[in-house]
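First up is the structure itself, then whatever we jot down about it.
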Amino acid sequence: MRIGIGYDSHRLAKGRKLILGGVEIPFEKGLLGHSDGDVLCHAMTDSIIGALGIGDIGRHFPDTDKKWKDVSSIRMLSRIVKIAKAQGFKILWIDAVVIIEKPRLMPHIEKMKECIAKAGIPRNLINIKAKTNEGMGFIGKGQGTAAQAVCLLIKIKDKK
Ligand code: MG
């Protein structure tokens with residue numbers, strides 16, 4: 001079995017869509033990034049990359065690569081899930097927390113799971129939590145958002 005940890009943060013800015021877990025959430029600001037800035041997908045992606053021991057998200061999706069410009073981060077997650085499967089691993093569980101002051105994410109969480117399931121992780125193996133930062137720091141001031149994820153993988157067959 002392998003475990004992996006992932007972390008990501010992005011700035012919140014006007015004129016951008018707020019996309020978390022592949023879901024567009026109505027809000028006055030969105031996340032700045034080379035891709036759609038989806039911190040939840042990026043943290044999950046990095047946790048799987050960590051469990052596989054294949055570096056980090058920047059190595060797989062460099063922000064100098066035009067191919068990943070403004071792309072849905074669900075596609076990035078999907079690509080790493082495929083690599084995990086190709087290496088003989090099965091995802092047993094993925095747990096994540098998004099830390100954002102506003103808006104409330106609770107009403108969107110089931111839809112996020114549905115979207116992430118499209119990347120190849122069954123929704124009954126995903127847990128997503130939302131927290132505020134109690135008004136403290138860059139998250140509390142609404143300047144940005146962060147996410148953390150951990151995943152557990154099990155090797156079910158040898159690499160082809
Ligand atoms: Mg990121």
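By order of appearance in the structure tokens: chains A, B, ..., then residues from 1 within every chain, and ligands from 1 in the order shown.
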* Surrounding residues of Ile139 of chain A excluding itself and chain neighbours under 4 positions, 12 Å, only C-alpha atoms, as a ChimeraX atom specification -> /A:9-12,98-103,131-135,143-147
May I have the residues from that selection written out with all heavy atoms, as a short mmCIF file (atom, residue, chain, number, x, y, z; two decimals), in the first residue's frame?
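Okay, this is what ended up in result_6.cif:
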data_model
loop_
_atom_site.label_atom_id
_atom_site.label_comp_id
_atom_site.auth_asym_id
_atom_site.auth_seq_id
_atom_site.Cartn_x
_atom_site.Cartn_y
_atom_site.Cartn_z
N SER A 9 -2.27 25.91 -3.44
CA SER A 9 -2.94 27.18 -3.14
C SER A 9 -2.90 28.05 -4.39
O SER A 9 -1.99 27.93 -5.21
CB SER A 9 -2.25 27.89 -1.97
OG SER A 9 -0.92 28.20 -2.30
N HIS A 10 -3.92 28.85 -4.54
CA HIS A 10 -3.98 29.81 -5.64
C HIS A 10 -4.59 31.12 -5.14
O HIS A 10 -5.37 31.13 -4.20
CB HIS A 10 -4.84 29.29 -6.80
CG HIS A 10 -4.13 28.31 -7.68
ND1 HIS A 10 -3.52 28.67 -8.85
CD2 HIS A 10 -3.90 26.98 -7.54
CE1 HIS A 10 -2.97 27.59 -9.41
NE2 HIS A 10 -3.18 26.55 -8.62
N ARG A 11 -4.22 32.19 -5.84
CA ARG A 11 -4.78 33.50 -5.54
C ARG A 11 -6.22 33.61 -6.03
O ARG A 11 -6.53 33.07 -7.09
CB ARG A 11 -4.00 34.57 -6.32
CG ARG A 11 -2.96 35.24 -5.55
CD ARG A 11 -2.18 36.17 -6.50
NE ARG A 11 -0.80 36.26 -6.10
CZ ARG A 11 -0.39 37.08 -5.13
NH1 ARG A 11 -1.23 37.88 -4.53
NH2 ARG A 11 0.89 37.09 -4.78
N LEU A 12 -7.04 34.35 -5.30
CA LEU A 12 -8.40 34.68 -5.77
C LEU A 12 -8.34 36.04 -6.46
O LEU A 12 -7.73 36.98 -5.93
CB LEU A 12 -9.37 34.75 -4.60
CG LEU A 12 -9.96 33.42 -4.10
CD1 LEU A 12 -10.61 33.61 -2.74
CD2 LEU A 12 -10.97 32.85 -5.09
N VAL A 98 -10.75 21.64 1.53
CA VAL A 98 -10.56 22.93 0.86
C VAL A 98 -10.70 24.00 1.93
O VAL A 98 -11.66 23.98 2.70
CB VAL A 98 -11.62 23.17 -0.24
CG1 VAL A 98 -11.35 24.50 -0.96
CG2 VAL A 98 -11.66 22.03 -1.23
N ILE A 99 -9.72 24.90 1.98
CA ILE A 99 -9.78 25.98 2.97
C ILE A 99 -10.05 27.28 2.24
O ILE A 99 -9.22 27.75 1.45
CB ILE A 99 -8.46 26.05 3.80
CG1 ILE A 99 -8.12 24.65 4.33
CG2 ILE A 99 -8.61 27.02 4.98
CD1 ILE A 99 -6.74 24.19 3.98
N ILE A 100 -11.23 27.79 2.44
CA ILE A 100 -11.68 28.99 1.72
C ILE A 100 -12.61 29.77 2.65
O ILE A 100 -13.43 29.17 3.35
CB ILE A 100 -12.37 28.59 0.38
CG1 ILE A 100 -12.68 29.82 -0.49
CG2 ILE A 100 -13.64 27.76 0.61
CD1 ILE A 100 -13.05 29.46 -1.94
N GLU A 101 -12.46 31.07 2.67
CA GLU A 101 -13.28 31.87 3.60
C GLU A 101 -14.71 32.00 3.09
O GLU A 101 -15.65 31.81 3.84
CB GLU A 101 -12.62 33.24 3.80
CG GLU A 101 -12.96 33.88 5.13
CD GLU A 101 -12.39 33.10 6.34
OE1 GLU A 101 -11.43 32.34 6.17
OE2 GLU A 101 -12.93 33.27 7.45
N LYS A 102 -14.84 32.32 1.82
CA LYS A 102 -16.15 32.47 1.18
C LYS A 102 -16.02 31.99 -0.25
O LYS A 102 -14.95 32.15 -0.83
CB LYS A 102 -16.55 33.96 1.17
CG LYS A 102 -17.26 34.41 2.41
CD LYS A 102 -17.94 35.75 2.21
CE LYS A 102 -17.00 36.92 2.35
NZ LYS A 102 -17.57 38.24 2.27
N PRO A 103 -17.02 31.47 -0.91
CA PRO A 103 -18.37 31.19 -0.42
C PRO A 103 -18.45 29.85 0.31
O PRO A 103 -17.44 29.14 0.41
CB PRO A 103 -19.16 31.12 -1.73
CG PRO A 103 -18.19 30.55 -2.71
CD PRO A 103 -16.85 31.10 -2.31
N LYS A 131 -13.51 24.10 4.90
CA LYS A 131 -13.26 24.85 6.14
C LYS A 131 -13.00 26.31 5.80
O LYS A 131 -12.52 26.61 4.72
CB LYS A 131 -12.01 24.32 6.85
CG LYS A 131 -12.18 22.95 7.44
CD LYS A 131 -11.03 22.63 8.38
CE LYS A 131 -11.18 23.28 9.74
NZ LYS A 131 -12.26 22.75 10.54
N THR A 132 -13.25 27.18 6.78
CA THR A 132 -12.79 28.55 6.64
C THR A 132 -11.47 28.64 7.41
O THR A 132 -11.06 27.69 8.06
CB THR A 132 -13.77 29.58 7.24
OG1 THR A 132 -13.73 29.47 8.66
CG2 THR A 132 -15.18 29.35 6.74
N ASN A 133 -10.82 29.79 7.34
CA ASN A 133 -9.59 29.97 8.13
C ASN A 133 -9.83 30.94 9.28
O ASN A 133 -8.89 31.55 9.77
CB ASN A 133 -8.45 30.46 7.23
CG ASN A 133 -7.13 29.82 7.61
OD1 ASN A 133 -7.10 28.70 8.10
ND2 ASN A 133 -6.04 30.54 7.40
N GLU A 134 -11.12 31.05 9.68
CA GLU A 134 -11.50 31.90 10.83
C GLU A 134 -10.98 33.33 10.69
O GLU A 134 -10.59 33.95 11.67
CB GLU A 134 -10.95 31.28 12.14
CG GLU A 134 -11.44 29.85 12.40
CD GLU A 134 -12.82 29.80 13.06
OE1 GLU A 134 -13.25 30.82 13.62
OE2 GLU A 134 -13.46 28.74 12.99
N GLY A 135 -10.95 33.81 9.44
CA GLY A 135 -10.56 35.20 9.21
C GLY A 135 -9.06 35.47 9.27
O GLY A 135 -8.61 36.60 9.11
N GLN A 143 -7.78 36.51 0.04
CA GLN A 143 -6.78 36.71 -1.03
C GLN A 143 -6.50 35.43 -1.81
O GLN A 143 -6.01 35.48 -2.93
CB GLN A 143 -5.46 37.23 -0.42
CG GLN A 143 -5.59 38.59 0.21
CD GLN A 143 -4.38 38.95 1.07
OE1 GLN A 143 -3.63 38.08 1.50
NE2 GLN A 143 -4.20 40.23 1.31
N GLY A 144 -6.79 34.31 -1.19
CA GLY A 144 -6.51 33.04 -1.86
C GLY A 144 -7.20 31.88 -1.18
O GLY A 144 -7.91 32.05 -0.19
N THR A 145 -6.97 30.71 -1.75
CA THR A 145 -7.60 29.48 -1.30
C THR A 145 -6.57 28.36 -1.32
O THR A 145 -5.69 28.37 -2.19
CB THR A 145 -8.75 29.13 -2.27
OG1 THR A 145 -9.68 30.19 -2.23
CG2 THR A 145 -9.46 27.85 -1.91
N ALA A 146 -6.70 27.42 -0.41
CA ALA A 146 -5.78 26.28 -0.40
C ALA A 146 -6.56 24.98 -0.26
O ALA A 146 -7.72 24.98 0.14
CB ALA A 146 -4.77 26.41 0.75
N ALA A 147 -5.89 23.90 -0.62
CA ALA A 147 -6.50 22.58 -0.46
C ALA A 147 -5.42 21.58 -0.09
O ALA A 147 -4.25 21.72 -0.47
CB ALA A 147 -7.21 22.14 -1.73
#
Per-residue nearest contacts of chain A to ligand 1 (7 Å; only C-alpha atoms and all ligand atoms) as a Markdown table:
| residue | atom | partner | partner_atom_place_in_ligand_line | distance |
| --- | --- | --- | --- | --- |
| A:Asp8 | CA | ligand 1 | 1 (Mg) | 5.4 |
| A:Ser9 | CA | ligand 1 | 1 (Mg) | 6.1 |
| A:His10 | CA | ligand 1 | 1 (Mg) | 6.3 |
| A:Gly33 | CA | ligand 1 | 1 (Mg) | 6.8 |
| A:Gly37 | CA | ligand 1 | 1 (Mg) | 5.5 |
| A:Asp38 | CA | ligand 1 | 1 (Mg) | 6.5 |
| A:Val39 | CA | ligand 1 | 1 (Mg) | 5.4 |
| A:His42 | CA | ligand 1 | 1 (Mg) | 5.2 |
Deliver the residues from the most recent selection as a file, using all heavy atoms, as a CSV table (one decimal), in the first residue's frame.
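Final output, result_30.csv:
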chain,number,residue,atom,x,y,z
A,8,ASP,N,-2.1,22.5,-2.3
A,8,ASP,CA,-2.0,23.5,-3.4
A,8,ASP,C,-2.7,24.8,-2.9
A,8,ASP,O,-3.6,24.8,-2.0
A,8,ASP,CB,-2.7,23.0,-4.7
A,8,ASP,CG,-2.3,23.9,-5.9
A,8,ASP,OD1,-1.2,24.5,-5.9
A,8,ASP,OD2,-3.2,24.1,-6.8
A,9,SER,N,-2.3,25.9,-3.4
A,9,SER,CA,-2.9,27.2,-3.1
A,9,SER,C,-2.9,28.1,-4.4
A,9,SER,O,-2.0,27.9,-5.2
A,9,SER,CB,-2.3,27.9,-2.0
A,9,SER,OG,-0.9,28.2,-2.3
A,10,HIS,N,-3.9,28.8,-4.5
A,10,HIS,CA,-4.0,29.8,-5.6
A,10,HIS,C,-4.6,31.1,-5.1
A,10,HIS,O,-5.4,31.1,-4.2
A,10,HIS,CB,-4.8,29.3,-6.8
A,10,HIS,CG,-4.1,28.3,-7.7
A,10,HIS,ND1,-3.5,28.7,-8.9
A,10,HIS,CD2,-3.9,27.0,-7.5
A,10,HIS,CE1,-3.0,27.6,-9.4
A,10,HIS,NE2,-3.2,26.6,-8.6
A,33,GLY,N,-4.5,31.0,-12.3
A,33,GLY,CA,-3.6,29.9,-12.5
A,33,GLY,C,-3.4,29.7,-14.0
A,33,GLY,O,-4.1,30.3,-14.8
A,37,GLY,N,-6.9,26.7,-12.2
A,37,GLY,CA,-6.6,27.1,-10.8
A,37,GLY,C,-7.4,26.3,-9.8
A,37,GLY,O,-7.5,26.7,-8.6
A,38,ASP,N,-7.9,25.1,-10.2
A,38,ASP,CA,-8.7,24.3,-9.3
A,38,ASP,C,-7.8,23.6,-8.2
A,38,ASP,O,-7.2,22.5,-8.4
A,38,ASP,CB,-9.4,23.2,-10.1
A,38,ASP,CG,-10.4,22.4,-9.4
A,38,ASP,OD1,-10.3,22.2,-8.2
A,38,ASP,OD2,-11.3,21.9,-10.1
A,39,VAL,N,-7.7,24.3,-7.1
A,39,VAL,CA,-6.8,23.8,-6.0
A,39,VAL,C,-7.2,22.4,-5.5
A,39,VAL,O,-6.3,21.6,-5.1
A,39,VAL,CB,-6.7,24.8,-4.8
A,39,VAL,CG1,-6.0,26.0,-5.1
A,39,VAL,CG2,-8.1,25.1,-4.2
A,42,HIS,N,-5.9,19.9,-8.0
A,42,HIS,CA,-4.4,19.9,-8.0
A,42,HIS,C,-3.9,19.2,-6.7
A,42,HIS,O,-2.9,18.4,-6.8
A,42,HIS,CB,-3.9,21.4,-8.0
A,42,HIS,CG,-4.2,22.1,-9.3
A,42,HIS,ND1,-3.8,23.3,-9.6
A,42,HIS,CD2,-4.8,21.6,-10.4
A,42,HIS,CE1,-4.2,23.7,-10.8
A,42,HIS,NE2,-4.8,22.6,-11.3
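Shell of Lys90 of chain A at 9 Å, with only C-alpha atoms counted and residues fewer than 3 places along the chain excluded, is A:Val81, A:Ala84, A:Lys85, A:Leu152, A:Leu153, A:Ile154, A:Lys155, A:Ile156.
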Could you save those same residues with N, CA, C and O atoms as a PDB file, in the first residue's frame?
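Produced file result-v4.pdb, reproduced below:
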ATOM      1  N   VAL A  81      -4.662   9.530 -12.775  1.00  0.00           N
ATOM      2  CA  VAL A  81      -5.400   8.318 -12.378  1.00  0.00           C
ATOM      3  C   VAL A  81      -5.095   7.195 -13.382  1.00  0.00           C
ATOM      4  O   VAL A  81      -4.893   6.045 -12.996  1.00  0.00           O
ATOM      5  N   ALA A  84      -1.717   5.783 -12.648  1.00  0.00           N
ATOM      6  CA  ALA A  84      -1.791   4.906 -11.464  1.00  0.00           C
ATOM      7  C   ALA A  84      -2.299   3.523 -11.867  1.00  0.00           C
ATOM      8  O   ALA A  84      -1.722   2.497 -11.491  1.00  0.00           O
ATOM      9  N   LYS A  85      -3.368   3.513 -12.663  1.00  0.00           N
ATOM     10  CA  LYS A  85      -3.939   2.233 -13.105  1.00  0.00           C
ATOM     11  C   LYS A  85      -2.951   1.464 -13.974  1.00  0.00           C
ATOM     12  O   LYS A  85      -2.798   0.257 -13.817  1.00  0.00           O
ATOM     13  N   LEU A 152      -4.824   6.870  -0.517  1.00  0.00           N
ATOM     14  CA  LEU A 152      -4.270   5.546  -0.226  1.00  0.00           C
ATOM     15  C   LEU A 152      -4.441   4.697  -1.475  1.00  0.00           C
ATOM     16  O   LEU A 152      -5.541   4.584  -2.023  1.00  0.00           O
ATOM     17  N   LEU A 153      -3.318   4.141  -1.929  1.00  0.00           N
ATOM     18  CA  LEU A 153      -3.340   3.270  -3.122  1.00  0.00           C
ATOM     19  C   LEU A 153      -2.902   1.871  -2.719  1.00  0.00           C
ATOM     20  O   LEU A 153      -2.130   1.705  -1.783  1.00  0.00           O
ATOM     21  N   ILE A 154      -3.397   0.879  -3.442  1.00  0.00           N
ATOM     22  CA  ILE A 154      -2.931  -0.483  -3.216  1.00  0.00           C
ATOM     23  C   ILE A 154      -2.520  -1.067  -4.564  1.00  0.00           C
ATOM     24  O   ILE A 154      -3.181  -0.813  -5.592  1.00  0.00           O
ATOM     25  N   LYS A 155      -1.417  -1.810  -4.556  1.00  0.00           N
ATOM     26  CA  LYS A 155      -0.961  -2.419  -5.808  1.00  0.00           C
ATOM     27  C   LYS A 155      -1.719  -3.720  -6.010  1.00  0.00           C
ATOM     28  O   LYS A 155      -1.707  -4.599  -5.145  1.00  0.00           O
ATOM     29  N   ILE A 156      -2.450  -3.803  -7.113  1.00  0.00           N
ATOM     30  CA  ILE A 156      -3.245  -5.016  -7.345  1.00  0.00           C
ATOM     31  C   ILE A 156      -2.665  -5.878  -8.447  1.00  0.00           C
ATOM     32  O   ILE A 156      -2.998  -7.040  -8.562  1.00  0.00           O
TER      33      ILE A 156
END
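Atom pair atom CA of Ala117 of chain A / atom CA of His34 of chain A: separated by 23.2 Å.
Nearest residue to Gly30 of chain A, choosing from A:Met76, A:Gly142, A:Leu125, A:Gln87 and counting only C-alpha atoms: A:Gly142.
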Using only C-alpha atoms, which protein or nucleic acid residues come within 10 Å of Ile25 of chain A? Drop anything in the same chain fewer than 4 positions from it, and give the result as a short mmCIF file (atom, residue, chain, number, x, y, z; two decimals) with all heavy atoms, in the first residue's frame.
data_model
loop_
_atom_site.label_atom_id
_atom_site.label_comp_id
_atom_site.auth_asym_id
_atom_site.auth_seq_id
_atom_site.Cartn_x
_atom_site.Cartn_y
_atom_site.Cartn_z
N LYS A 17 -13.23 32.61 -13.14
CA LYS A 17 -14.28 31.71 -12.64
C LYS A 17 -13.74 30.96 -11.43
O LYS A 17 -12.57 30.59 -11.40
CB LYS A 17 -14.64 30.68 -13.72
CG LYS A 17 -15.45 31.27 -14.84
CD LYS A 17 -15.72 30.19 -15.88
CE LYS A 17 -16.49 30.75 -17.05
NZ LYS A 17 -16.53 29.79 -18.17
N LEU A 18 -14.63 30.72 -10.45
CA LEU A 18 -14.23 29.91 -9.31
C LEU A 18 -14.60 28.46 -9.60
O LEU A 18 -15.78 28.10 -9.65
CB LEU A 18 -14.92 30.39 -8.03
CG LEU A 18 -14.61 29.57 -6.76
CD1 LEU A 18 -13.11 29.58 -6.44
CD2 LEU A 18 -15.40 30.07 -5.57
N ILE A 19 -13.57 27.66 -9.86
CA ILE A 19 -13.80 26.24 -10.16
C ILE A 19 -13.10 25.39 -9.11
O ILE A 19 -11.90 25.50 -8.90
CB ILE A 19 -13.33 25.90 -11.59
CG1 ILE A 19 -14.19 26.68 -12.58
CG2 ILE A 19 -13.44 24.38 -11.86
CD1 ILE A 19 -13.75 26.62 -14.00
N LEU A 20 -13.89 24.56 -8.44
CA LEU A 20 -13.35 23.67 -7.40
C LEU A 20 -13.93 22.28 -7.62
O LEU A 20 -15.15 22.12 -7.75
CB LEU A 20 -13.70 24.19 -6.01
CG LEU A 20 -12.96 25.47 -5.57
CD1 LEU A 20 -13.59 26.07 -4.32
CD2 LEU A 20 -11.49 25.20 -5.34
N GLY A 21 -13.06 21.29 -7.67
CA GLY A 21 -13.52 19.93 -7.93
C GLY A 21 -14.24 19.83 -9.27
O GLY A 21 -15.14 19.01 -9.43
N LYS A 29 -15.18 36.32 -7.29
CA LYS A 29 -13.78 36.12 -7.67
C LYS A 29 -13.56 34.67 -8.07
O LYS A 29 -14.35 33.80 -7.73
CB LYS A 29 -12.87 36.43 -6.48
CG LYS A 29 -12.78 37.89 -6.09
CD LYS A 29 -11.82 37.97 -4.92
CE LYS A 29 -11.76 39.35 -4.30
NZ LYS A 29 -10.92 39.28 -3.07
N GLY A 30 -12.43 34.43 -8.76
CA GLY A 30 -12.06 33.06 -9.11
C GLY A 30 -10.57 32.86 -8.91
O GLY A 30 -9.85 33.79 -8.55
N PRO A 103 -17.02 31.47 -0.91
CA PRO A 103 -18.37 31.19 -0.42
C PRO A 103 -18.45 29.85 0.31
O PRO A 103 -17.44 29.14 0.41
CB PRO A 103 -19.16 31.12 -1.73
CG PRO A 103 -18.19 30.55 -2.71
CD PRO A 103 -16.85 31.10 -2.31
N ARG A 104 -19.61 29.51 0.79
CA ARG A 104 -19.82 28.20 1.45
C ARG A 104 -19.79 27.12 0.38
O ARG A 104 -20.45 27.23 -0.66
CB ARG A 104 -21.18 28.17 2.15
CG ARG A 104 -21.19 28.92 3.48
CD ARG A 104 -22.44 28.56 4.28
NE ARG A 104 -22.35 27.21 4.81
CZ ARG A 104 -23.28 26.28 4.65
NH1 ARG A 104 -24.36 26.53 3.94
NH2 ARG A 104 -23.14 25.09 5.18
N LEU A 105 -19.03 26.08 0.61
CA LEU A 105 -18.90 25.03 -0.42
C LEU A 105 -19.85 23.85 -0.21
O LEU A 105 -20.07 23.07 -1.12
CB LEU A 105 -17.47 24.50 -0.46
CG LEU A 105 -16.37 25.51 -0.82
CD1 LEU A 105 -15.05 24.78 -0.94
CD2 LEU A 105 -16.70 26.23 -2.11
N PRO A 107 -22.97 23.20 -0.24
CA PRO A 107 -24.01 22.85 -1.22
C PRO A 107 -23.45 22.27 -2.53
O PRO A 107 -24.22 21.76 -3.34
CB PRO A 107 -24.71 24.19 -1.51
CG PRO A 107 -24.27 25.14 -0.45
CD PRO A 107 -22.94 24.66 0.05
N HIS A 108 -22.14 22.37 -2.76
CA HIS A 108 -21.56 21.95 -4.04
C HIS A 108 -20.77 20.65 -3.95
O HIS A 108 -20.27 20.16 -4.96
CB HIS A 108 -20.64 23.06 -4.57
CG HIS A 108 -21.31 24.39 -4.66
ND1 HIS A 108 -22.19 24.72 -5.66
CD2 HIS A 108 -21.24 25.47 -3.84
CE1 HIS A 108 -22.62 25.95 -5.46
NE2 HIS A 108 -22.07 26.43 -4.38
#
* Asked: Which one is closest to Ala51 of chain A: A:Arg123, A:Ala149, A:Asp70, A:Gly4? Count only C-alpha atoms.
  -> A:Gly4
